[in-house]
Amino acid sequence: MRHRAIVVLVVLGMLALRAAAPAAAQDAAVEAARKEGKVVWYTSLALPSAEKVARLFEEKYPGIKVEVHRTGSQRILQRVMQELSANIRNADVVHTSDAGHFVLLKDRKLLMRHTPPGVERFPPGFRDRDGYHFGLRATVNVIAYNTRAVSAAEAPKTWKDLLDPRWRGKLVTAHPGYSGVVATHVLALVHLHGWDYFKQLAQNRVMLVQSAVDPAGVVASGERPVAVNGGDYTFYQSKKKGSPIEIVYPKEGVPLVVSPTAITSFAPHPNAARLFTDFTFTREVQQVLADSEGLYTGHPDVKYPADKPKLSELKLLQVDPDELEKRTEEIKKRFVEFFGT
Amino acid sequence: MRAAAGLDRSVPVWIAAAAALVVLMALPLGWLTVLSVSGETGPTLRHYASVLADVQLRKALWNTVVMASWVGLASLALGAPMAWLTARTDLPGRGVVRGLVLASFVTPPFLGAFAWVMLAGPNAGLLNRAWRGLAGADEPLLNIFTMPGLVFVVAIYTFPYVYIMIANTLALIGSDLEEAAAILGAGRLRVAATVTLPMVAPAILSGFILAVLQALALFGSPAILALPAGFHTITTQIWSFFHYPPKVEMAAAFSIPLLLATALLLQVQKRLLGRRGYAAVGGKSALRRTIPLGVWRWPALAACVAVMACSIFLPYGVLAKAALSRAWAQPLDWENLTLANVRFTFVEYSATKAAIVNTLELGVLTATAGAGLAAVLAYVANRRLVRGHQILGFLALAPVVIPGVVLAVGLFIAYTRPPFLLYGTLWILFLAYVTKEMPVGYSQADATFKGVHPELEEAGRILGAGRLRVLGEITAPLARSGVIATWCFIFIGVIRELSASIILFTPATKVMSVVIFDLKEEGQFGAIAVLGLFMLLVTFATVVLVQRVLGRDVMGARD
């Protein structure tokens, strides 16, 4: 009898411990992060969205500041490598839209292995099999047009429609030398239609902007009535704010861009970096990305706005990160060759 | 006795000057040259060869030549008549026009370029929309994303250099020669062509060269206007060599032509100004007669106002509109009116505050160190306190040949490696700014000490005061306003600096101009407008301060 009572007590005790342990571990992690005081986030997420995520984190974990350094994906890689070459260790968390970057960074042993809780339920395209980087968000490249300048009937329906000379001087593109979203887009369309497609597109005297966020602004202002690429979420946001913008999901398929995030191996604030990374993968934040920013995510429990197509309804063009990494020079070089800068 | 004392004093001065020279110029330019010829297996000219062989790079070179030449000519066309009108004629509101030229002189050119995107973008640009509305035309009136557009935008902020050169010269030339010619029966045009023009010719040419140099070194305006149009200039090309994977050797090799071109042009300018065979120029005593414009008074004023509308009224107006509206291209009605941009820029966007602090810190630091250094150098050179004092002046003015981007490439190469690891700190920006501003600071300080007559100091010495006491009680109070003005000049130069900063910043050491450029790449018009207006506010506050201190305007001529 006594034995049984002891066994029961032990079992109960173990159960209690199991329940308490994560909470205690979590408290310790928060405490360690708080001691570090801040996390430095190099991110290509559109500036207002990035600042929003940062504020949410700071509200939840008072005493830990998020330093947002937002620029284009390619500039982020440039920053990280340039700083390392001068022995500067500044970045804790790196987030870009060029999956190739993470192939490169992992190869050079610049990433820390860390698996945020819950990501095992994300689709395979969002997970690095070695556990170094995970897709924080996703977007698809689309065509968008200004509804005041172009009617729905006239609007281009396919990527190839954009080659029509009637769009001469009316198009805007973002730059693969700045934006990871657009670098991915270019490679996907090269697979689909070959480099010749871009050579012909350049004949239409396309205005060049840098960020994949910018075409939405250019189209909304009417400076160019049609965008030939750009993250769908930027157009969606602009449309929600009342801009005269309509989005076209071309029939040939839309290039899917999954934007990974990872902690650097040299992170000066590793605990804060882990806490922040875990936070960004919580359902709460992933839902914010979907709701107010119009992004797609890998989180299976996230609900999407009813006026956006589900990823499963779209024909997705996917790009292999290894190939993207290998061909990044070619992409930039040929783009400059065709478009001038 | 003097020689012995001079020798003693000169040692520390020379050591300090040599150290400054090494840190500020020899090291960056030395490394720049070394890297431009360094290959994996020893010295090579490969980088130069590939720079010259590349069609894209040759195009960038050519674009720069085209742009800079046209900017020079356009600046002349704008600056020379305005200088004559305000210096010599009874143009109504001369003072105001002069003040406005000053305003465009201190406006950061990249802000102007950005504003003109909103004014003359071919489709959404407000002027083009107004034009379409009025004329019912399909085609835009203006397209800013073209070479002529770029030349225009650069010229409206560069012509003040020509203006200053010519206005200051005209203010020194007496009217007696012109009157003599007139009495001898020459008509007005003949007087202008045969008497006035030859006297101001050196000023015209050197103003032209100054404008060309400004255009050559500019980064912001081509980045904003040429890149979207699909063409590079040298500066934007050098900047893009730093994109990953970086080609710093190519950047170095591509910097050398710009450096040589600048040095050559300055040499020409020096020759022109140095050859002062004009006894008439330089006399202050001569009377200057005001030329009546007659019926042309108002048309002339209208022309001046039109120029100022392009460089001041329209750009400032559209910036203010963008700052206060949700969508800059829509009319500013109640629906569109918002303070959200202001809130976003100063409250929500965390980089702004750090950048403002960095900028002001660097501004104060550079201005203080720069004005101090310039004052000491100018004092030593003017009072001939050490042997070879002329060389000090030359060294202080030498950085003028180094365009900001080139200086930055040199500093980057020199200070990302031992023994001096300064990249990633504010100090590398500090070095860049001190070097870049030294010529301006030195010229100002030099003029100040030239204006403080040695007689007063000598009187003090005769009455038994030591040199330090004389310096403290006589020279310093007399030179004070000049040194404060030097400080302000440097400060204004620093807070708008972009072309060197864009290569030398790290996320932890961003300055305002870099944040504005970042925002530009993302197309955040509202935030750029807010931050740009803030920058203008700080600039104009500083200008007002100088004018107060100097009791005249900052462009140099006495009215």
# chains A, B, ... in the order shown; residues from 1 in each chain; ligands from 1

call {"tool": "interface_residues", "arguments": {"of": "chain B", "to": "chain A", "cutoff": "7 Å", "atoms": "only C-alpha atoms", "output": "list in words"}}
result
Gly121, Pro122, Asn123, Ala124, Leu227, Pro228, Ala229, Gly230, Phe231, His232, His243, Tyr244, Ala329, Glu348, Tyr349, Ser350, Thr416, Arg417, Tyr423, Gly424, Pro507, Asp518, Glu521, Glu522 and Gly523 of chain B

call {"tool": "write_last_selection", "arguments": {"atoms": "C-alpha atoms", "output": "PDB file, in the first residue's frame"}}
result
ATOM      1  CA  GLY B 121       6.819  62.508 -62.880  1.00  0.00           C
ATOM      2  CA  PRO B 122       5.428  61.990 -66.381  1.00  0.00           C
ATOM      3  CA  ASN B 123       2.044  60.648 -65.270  1.00  0.00           C
ATOM      4  CA  ALA B 124       1.386  61.399 -61.616  1.00  0.00           C
ATOM      5  CA  LEU B 227      18.311  54.964 -61.821  1.00  0.00           C
ATOM      6  CA  PRO B 228      14.530  54.719 -62.435  1.00  0.00           C
ATOM      7  CA  ALA B 229      15.183  55.834 -66.006  1.00  0.00           C
ATOM      8  CA  GLY B 230      17.713  53.046 -66.470  1.00  0.00           C
ATOM      9  CA  PHE B 231      20.986  54.945 -66.579  1.00  0.00           C
ATOM     10  CA  HIS B 232      23.944  55.354 -64.246  1.00  0.00           C
ATOM     11  CA  HIS B 243      26.352  45.746 -53.555  1.00  0.00           C
ATOM     12  CA  TYR B 244      26.907  42.139 -52.667  1.00  0.00           C
ATOM     13  CA  ALA B 329      -0.922  62.504 -55.650  1.00  0.00           C
ATOM     14  CA  GLU B 348       6.742  54.823 -34.842  1.00  0.00           C
ATOM     15  CA  TYR B 349       9.826  54.603 -37.031  1.00  0.00           C
ATOM     16  CA  SER B 350      12.561  53.754 -34.560  1.00  0.00           C
ATOM     17  CA  THR B 416      37.965  48.504 -42.513  1.00  0.00           C
ATOM     18  CA  ARG B 417      41.368  46.972 -41.912  1.00  0.00           C
ATOM     19  CA  TYR B 423      34.090  51.360 -40.035  1.00  0.00           C
ATOM     20  CA  GLY B 424      30.943  50.822 -38.001  1.00  0.00           C
ATOM     21  CA  PRO B 507      22.686  50.436 -39.457  1.00  0.00           C
ATOM     22  CA  ASP B 518      16.378  54.306 -47.471  1.00  0.00           C
ATOM     23  CA  GLU B 521      14.050  53.124 -51.998  1.00  0.00           C
ATOM     24  CA  GLU B 522      10.912  51.867 -50.318  1.00  0.00           C
ATOM     25  CA  GLY B 523       8.763  54.675 -51.711  1.00  0.00           C
TER      26      GLY B 523
END

call {"tool": "residues_around", "arguments": {"residues": "Lys247 of chain B", "least_positions_apart": "4", "cutoff": "12 Å", "atoms": "only C-alpha atoms", "output": "PyMOL selection string"}}
result
(chain A and resi 78+82) or (chain B and resi 35-36+47+50-51+237-243+251-254+409+413)

call {"tool": "residues_around", "arguments": {"residues": "Glu36 of chain A", "least_positions_apart": "2", "cutoff": "7 Å", "atoms": "only C-alpha atoms", "output": "MDAnalysis selection string"}}
result
chainID A and resid 32:34 38 269 272

call {"tool": "closest_residue", "arguments": {"among": "B:Thr542, B:Leu45, B:Phe159, B:Val34", "to": "Gly79 of chain B", "atoms": "only C-alpha atoms"}}
result
B:Phe159

call {"tool": "closest_residue", "arguments": {"among": "B:Pro92, B:Ile173, B:Pro246, B:Ile256", "to": "Val37 of chain B", "atoms": "only C-alpha atoms"}}
result
B:Ile256

call {"tool": "residues_around", "arguments": {"residues": "Pro123 of chain A", "least_positions_apart": "2", "cutoff": "9 Å", "atoms": "only C-alpha atoms", "output": "list of chain:residue names"}}
result
A:Val119, A:Glu120, A:Arg121, A:Gly125, A:Phe126, A:Arg127, A:Gly298, A:His299, A:Pro300

call {"tool": "residues_around", "arguments": {"residues": "Thr509 of chain B", "least_positions_apart": "4", "cutoff": "9 Å", "atoms": "only C-alpha atoms", "output": "ChimeraX atom specification"}}
result
/B:354-355,358,424-426,429,504-505

call {"tool": "write_last_selection", "arguments": {"atoms": "N, CA and C atoms", "output": "PDB file, in the first residue's frame"}}
result
ATOM      1  N   ALA B 354      17.351  57.836 -33.717  1.00  0.00           N
ATOM      2  CA  ALA B 354      18.780  57.529 -33.684  1.00  0.00           C
ATOM      3  C   ALA B 354      19.512  58.308 -34.767  1.00  0.00           C
ATOM      4  N   ALA B 355      18.889  58.394 -35.954  1.00  0.00           N
ATOM      5  CA  ALA B 355      19.552  59.091 -37.062  1.00  0.00           C
ATOM      6  C   ALA B 355      19.657  60.583 -36.776  1.00  0.00           C
ATOM      7  N   ASN B 358      22.407  60.977 -34.263  1.00  0.00           N
ATOM      8  CA  ASN B 358      23.703  60.792 -34.933  1.00  0.00           C
ATOM      9  C   ASN B 358      24.077  62.004 -35.767  1.00  0.00           C
ATOM     10  N   GLY B 424      31.894  51.275 -39.007  1.00  0.00           N
ATOM     11  CA  GLY B 424      30.943  50.822 -38.001  1.00  0.00           C
ATOM     12  C   GLY B 424      30.830  51.787 -36.839  1.00  0.00           C
ATOM     13  N   THR B 425      31.728  52.778 -36.786  1.00  0.00           N
ATOM     14  CA  THR B 425      31.612  53.799 -35.746  1.00  0.00           C
ATOM     15  C   THR B 425      31.292  55.137 -36.404  1.00  0.00           C
ATOM     16  N   LEU B 426      30.914  56.103 -35.571  1.00  0.00           N
ATOM     17  CA  LEU B 426      30.648  57.430 -36.118  1.00  0.00           C
ATOM     18  C   LEU B 426      31.937  58.113 -36.550  1.00  0.00           C
ATOM     19  N   LEU B 429      32.644  58.466 -40.258  1.00  0.00           N
ATOM     20  CA  LEU B 429      31.849  59.541 -40.841  1.00  0.00           C
ATOM     21  C   LEU B 429      32.438  60.899 -40.458  1.00  0.00           C
ATOM     22  N   LEU B 504      29.543  54.842 -46.198  1.00  0.00           N
ATOM     23  CA  LEU B 504      30.225  54.624 -44.921  1.00  0.00           C
ATOM     24  C   LEU B 504      29.313  54.246 -43.760  1.00  0.00           C
ATOM     25  N   PHE B 505      27.996  54.352 -43.950  1.00  0.00           N
ATOM     26  CA  PHE B 505      27.125  54.102 -42.799  1.00  0.00           C
ATOM     27  C   PHE B 505      27.004  52.602 -42.511  1.00  0.00           C
TER      28      PHE B 505
END

call {"tool": "select_by_dssp", "arguments": {"residues": "segment 174-280 of chain B", "states": "helix (DSSP H, G or I)", "output": "tab-separated table (two decimals) with N, CA and C atoms, in the first residue's frame"}}
result
chain	number	residue	atom	x	y	z
B	176	ASP	N	33.32	103.04	-63.19
B	176	ASP	CA	33.98	104.13	-63.92
B	176	ASP	C	34.39	103.76	-65.34
B	177	LEU	N	34.89	102.51	-65.50
B	177	LEU	CA	35.30	102.11	-66.84
B	177	LEU	C	34.11	102.05	-67.78
B	178	GLU	N	33.02	101.49	-67.26
B	178	GLU	CA	31.82	101.40	-68.07
B	178	GLU	C	31.33	102.79	-68.45
B	179	GLU	N	31.39	103.69	-67.48
B	179	GLU	CA	30.94	105.06	-67.76
B	179	GLU	C	31.83	105.75	-68.77
B	180	ALA	N	33.13	105.49	-68.63
B	180	ALA	CA	34.07	106.09	-69.59
B	180	ALA	C	33.73	105.63	-71.00
B	181	ALA	N	33.44	104.35	-71.13
B	181	ALA	CA	33.09	103.81	-72.44
B	181	ALA	C	31.81	104.46	-72.94
B	182	ALA	N	30.87	104.63	-72.03
B	182	ALA	CA	29.60	105.21	-72.42
B	182	ALA	C	29.79	106.65	-72.89
B	183	ILE	N	30.64	107.39	-72.16
B	183	ILE	CA	30.89	108.78	-72.53
B	183	ILE	C	31.53	108.87	-73.90
B	188	ARG	N	24.85	100.70	-74.83
B	188	ARG	CA	24.80	99.87	-73.65
B	188	ARG	C	25.30	98.45	-73.91
B	189	LEU	N	24.87	97.90	-75.05
B	189	LEU	CA	25.28	96.54	-75.37
B	189	LEU	C	26.78	96.45	-75.57
B	190	ARG	N	27.29	97.47	-76.27
B	190	ARG	CA	28.72	97.50	-76.56
B	190	ARG	C	29.51	97.60	-75.26
B	191	VAL	N	29.03	98.40	-74.33
B	191	VAL	CA	29.69	98.52	-73.03
B	191	VAL	C	29.72	97.17	-72.33
B	192	ALA	N	28.56	96.54	-72.35
B	192	ALA	CA	28.45	95.24	-71.67
B	192	ALA	C	29.42	94.24	-72.30
B	193	ALA	N	29.46	94.21	-73.65
B	193	ALA	CA	30.25	93.20	-74.33
B	193	ALA	C	31.74	93.47	-74.26
B	194	THR	N	32.14	94.74	-74.30
B	194	THR	CA	33.57	95.03	-74.40
B	194	THR	C	34.20	95.46	-73.09
B	195	VAL	N	33.37	95.87	-72.13
B	195	VAL	CA	33.97	96.32	-70.86
B	195	VAL	C	33.59	95.39	-69.71
B	196	THR	N	32.31	95.24	-69.46
B	196	THR	CA	31.87	94.47	-68.30
B	196	THR	C	32.21	93.00	-68.45
B	197	LEU	N	31.86	92.44	-69.61
B	197	LEU	CA	32.05	91.01	-69.80
B	197	LEU	C	33.50	90.56	-69.60
B	198	PRO	N	34.45	91.23	-70.24
B	198	PRO	CA	35.83	90.79	-70.04
B	198	PRO	C	36.26	90.83	-68.57
B	199	MET	N	35.70	91.81	-67.83
B	199	MET	CA	36.11	91.90	-66.43
B	199	MET	C	35.54	90.76	-65.58
B	200	VAL	N	34.35	90.31	-65.94
B	200	VAL	CA	33.79	89.22	-65.14
B	200	VAL	C	34.05	87.85	-65.76
B	201	ALA	N	34.73	87.84	-66.92
B	201	ALA	CA	34.94	86.56	-67.60
B	201	ALA	C	35.58	85.49	-66.71
B	202	PRO	N	36.64	85.85	-65.95
B	202	PRO	CA	37.22	84.80	-65.10
B	202	PRO	C	36.20	84.26	-64.09
B	203	ALA	N	35.39	85.15	-63.55
B	203	ALA	CA	34.38	84.71	-62.58
B	203	ALA	C	33.36	83.80	-63.25
B	204	ILE	N	33.00	84.15	-64.48
B	204	ILE	CA	32.02	83.33	-65.20
B	204	ILE	C	32.58	81.92	-65.43
B	205	LEU	N	33.81	81.88	-65.92
B	205	LEU	CA	34.40	80.58	-66.20
B	205	LEU	C	34.60	79.76	-64.94
B	206	SER	N	35.06	80.41	-63.89
B	206	SER	CA	35.31	79.62	-62.70
B	206	SER	C	34.00	79.23	-62.03
B	207	GLY	N	32.97	80.05	-62.18
B	207	GLY	CA	31.65	79.64	-61.71
B	207	GLY	C	31.16	78.43	-62.47
B	208	PHE	N	31.39	78.43	-63.77
B	208	PHE	CA	31.02	77.30	-64.61
B	208	PHE	C	31.73	76.02	-64.12
B	209	ILE	N	33.03	76.16	-63.86
B	209	ILE	CA	33.79	74.98	-63.42
B	209	ILE	C	33.28	74.49	-62.06
B	210	LEU	N	33.00	75.43	-61.16
B	210	LEU	CA	32.46	75.04	-59.86
B	210	LEU	C	31.17	74.25	-60.02
B	211	ALA	N	30.31	74.73	-60.92
B	211	ALA	CA	29.03	74.05	-61.13
B	211	ALA	C	29.25	72.65	-61.70
B	212	VAL	N	30.19	72.54	-62.65
B	212	VAL	CA	30.49	71.23	-63.22
B	212	VAL	C	31.00	70.28	-62.13
B	213	LEU	N	31.86	70.80	-61.27
B	213	LEU	CA	32.40	69.96	-60.20
B	213	LEU	C	31.31	69.48	-59.26
B	214	GLN	N	30.41	70.39	-58.93
B	214	GLN	CA	29.29	70.00	-58.07
B	214	GLN	C	28.50	68.87	-58.70
B	215	ALA	N	28.22	69.02	-59.98
B	215	ALA	CA	27.41	68.03	-60.68
B	215	ALA	C	28.14	66.68	-60.75
B	216	LEU	N	29.45	66.73	-60.98
B	216	LEU	CA	30.23	65.50	-61.06
B	216	LEU	C	30.14	64.69	-59.77
B	217	ALA	N	30.16	65.40	-58.64
B	217	ALA	CA	30.29	64.72	-57.35
B	217	ALA	C	28.95	64.30	-56.78
B	220	GLY	N	22.92	61.91	-54.83
B	220	GLY	CA	21.50	61.77	-54.56
B	220	GLY	C	20.59	61.99	-55.76
B	221	SER	N	20.80	63.09	-56.47
B	221	SER	CA	19.90	63.39	-57.58
B	221	SER	C	19.96	62.34	-58.68
B	222	PRO	N	21.15	61.92	-59.14
B	222	PRO	CA	21.15	60.84	-60.13
B	222	PRO	C	20.54	59.54	-59.59
B	223	ALA	N	20.75	59.26	-58.31
B	223	ALA	CA	20.19	58.02	-57.77
B	223	ALA	C	18.66	58.07	-57.81
B	224	ILE	N	18.11	59.26	-57.59
B	224	ILE	CA	16.65	59.39	-57.55
B	224	ILE	C	16.06	59.49	-58.94
B	225	LEU	N	16.78	60.14	-59.87
B	225	LEU	CA	16.19	60.41	-61.18
B	225	LEU	C	16.74	59.52	-62.29
B	226	ALA	N	18.05	59.18	-62.23
B	226	ALA	CA	18.63	58.43	-63.34
B	226	ALA	C	18.39	56.93	-63.20
B	227	LEU	N	18.49	56.41	-61.99
B	227	LEU	CA	18.31	54.96	-61.82
B	227	LEU	C	16.93	54.49	-62.29
B	228	PRO	N	15.84	55.18	-61.93
B	228	PRO	CA	14.53	54.72	-62.43
B	228	PRO	C	14.44	54.79	-63.96
B	229	ALA	N	15.23	55.70	-64.56
B	229	ALA	CA	15.18	55.83	-66.01
B	229	ALA	C	16.13	54.85	-66.69
B	234	ILE	N	28.70	58.18	-62.78
B	234	ILE	CA	29.86	57.58	-62.11
B	234	ILE	C	29.55	57.30	-60.64
B	235	THR	N	28.95	58.29	-59.99
B	235	THR	CA	28.74	58.14	-58.55
B	235	THR	C	27.79	56.99	-58.22
B	236	THR	N	26.68	56.88	-58.95
B	236	THR	CA	25.74	55.79	-58.64
B	236	THR	C	26.38	54.45	-58.99
B	237	GLN	N	27.22	54.45	-60.02
B	237	GLN	CA	27.90	53.21	-60.39
B	237	GLN	C	28.88	52.79	-59.31
B	238	ILE	N	29.62	53.74	-58.77
B	238	ILE	CA	30.57	53.42	-57.70
B	238	ILE	C	29.81	52.86	-56.50
B	239	TRP	N	28.70	53.50	-56.19
B	239	TRP	CA	27.87	53.03	-55.08
B	239	TRP	C	27.40	51.60	-55.33
B	240	SER	N	27.02	51.29	-56.57
B	240	SER	CA	26.47	49.95	-56.81
B	240	SER	C	27.57	48.88	-56.83
B	248	VAL	N	35.11	46.08	-54.56
B	248	VAL	CA	35.74	47.31	-54.07
B	248	VAL	C	36.89	47.73	-54.99
B	249	GLU	N	37.60	46.76	-55.56
B	249	GLU	CA	38.72	47.10	-56.46
B	249	GLU	C	38.18	47.87	-57.67
B	250	MET	N	37.04	47.39	-58.19
B	250	MET	CA	36.45	48.07	-59.33
B	250	MET	C	36.02	49.48	-58.93
B	251	ALA	N	35.43	49.60	-57.74
B	251	ALA	CA	35.02	50.92	-57.26
B	251	ALA	C	36.22	51.85	-57.19
B	252	ALA	N	37.34	51.30	-56.71
B	252	ALA	CA	38.55	52.11	-56.60
B	252	ALA	C	39.03	52.52	-57.99
B	253	ALA	N	39.07	51.57	-58.91
B	253	ALA	CA	39.54	51.88	-60.26
B	253	ALA	C	38.63	52.89	-60.95
B	254	PHE	N	37.34	52.79	-60.66
B	254	PHE	CA	36.39	53.69	-61.30
B	254	PHE	C	36.41	55.07	-60.64
B	255	SER	N	36.94	55.16	-59.42
B	255	SER	CA	37.01	56.45	-58.71
B	255	SER	C	38.11	57.33	-59.26
B	256	ILE	N	39.17	56.69	-59.75
B	256	ILE	CA	40.34	57.46	-60.16
B	256	ILE	C	40.02	58.46	-61.28
B	257	PRO	N	39.28	58.07	-62.33
B	257	PRO	CA	38.97	59.07	-63.36
B	257	PRO	C	38.24	60.29	-62.80
B	258	LEU	N	37.32	60.05	-61.87
B	258	LEU	CA	36.57	61.16	-61.27
B	258	LEU	C	37.52	62.07	-60.50
B	259	LEU	N	38.43	61.45	-59.79
B	259	LEU	CA	39.41	62.21	-59.01
B	259	LEU	C	40.28	63.06	-59.94
B	260	LEU	N	40.75	62.45	-61.01
B	260	LEU	CA	41.62	63.16	-61.95
B	260	LEU	C	40.87	64.31	-62.62
B	261	ALA	N	39.65	64.04	-63.04
B	261	ALA	CA	38.85	65.08	-63.70
B	261	ALA	C	38.67	66.27	-62.77
B	262	THR	N	38.37	65.99	-61.50
B	262	THR	CA	38.18	67.06	-60.54
B	262	THR	C	39.45	67.87	-60.36
B	263	ALA	N	40.57	67.17	-60.19
B	263	ALA	CA	41.83	67.85	-59.97
B	263	ALA	C	42.17	68.74	-61.17
B	264	LEU	N	41.94	68.20	-62.36
B	264	LEU	CA	42.25	68.94	-63.58
B	264	LEU	C	41.41	70.22	-63.67
B	265	LEU	N	40.10	70.07	-63.45
B	265	LEU	CA	39.20	71.23	-63.54
B	265	LEU	C	39.58	72.30	-62.52
B	266	LEU	N	39.96	71.87	-61.33
B	266	LEU	CA	40.32	72.84	-60.31
B	266	LEU	C	41.60	73.57	-60.68
B	267	GLN	N	42.50	72.83	-61.31
B	267	GLN	CA	43.74	73.45	-61.75
B	267	GLN	C	43.44	74.56	-62.76
B	268	VAL	N	42.55	74.25	-63.69
B	268	VAL	CA	42.15	75.24	-64.69
B	268	VAL	C	41.55	76.46	-64.00
B	269	GLN	N	40.67	76.19	-63.04
B	269	GLN	CA	40.01	77.29	-62.35
B	269	GLN	C	41.02	78.17	-61.62
B	270	LYS	N	42.00	77.51	-61.00
B	270	LYS	CA	43.00	78.24	-60.25
B	270	LYS	C	43.79	79.17	-61.19
B	271	ARG	N	44.15	78.61	-62.35
B	271	ARG	CA	44.85	79.42	-63.35
B	271	ARG	C	44.03	80.67	-63.68
B	272	LEU	N	42.74	80.43	-63.93
B	272	LEU	CA	41.87	81.53	-64.34
B	272	LEU	C	41.81	82.61	-63.28
B	273	LEU	N	41.64	82.17	-62.03
B	273	LEU	CA	41.50	83.15	-60.96
B	273	LEU	C	42.84	83.76	-60.60
B	274	GLY	N	43.89	82.95	-60.73
B	274	GLY	CA	45.20	83.43	-60.35
B	274	GLY	C	45.72	84.49	-61.31

call {"tool": "closest_residue", "arguments": {"among": "B:Gly464, B:Tyr415, B:Gly451, B:Glu361", "to": "Lys510 of chain B", "atoms": "only C-alpha atoms"}}
result
B:Glu361

call {"tool": "residues_around", "arguments": {"residues": "segment 391-398 of chain B", "least_positions_apart": "5", "cutoff": "12 Å", "atoms": "only C-alpha atoms", "output": "PyMOL selection string"}}
result
chain B and resi 10+13-18+20-22+24-26+259+262-263+266-267+270+370-371+373-382+384-386+403+434-446

call {"tool": "residues_around", "arguments": {"residues": "Leu111 of chain A", "least_positions_apart": "3", "cutoff": "6 Å", "atoms": "only C-alpha atoms", "output": "list in words"}}
result
Lys106, Ile263, Thr264 and Ser265 of chain A
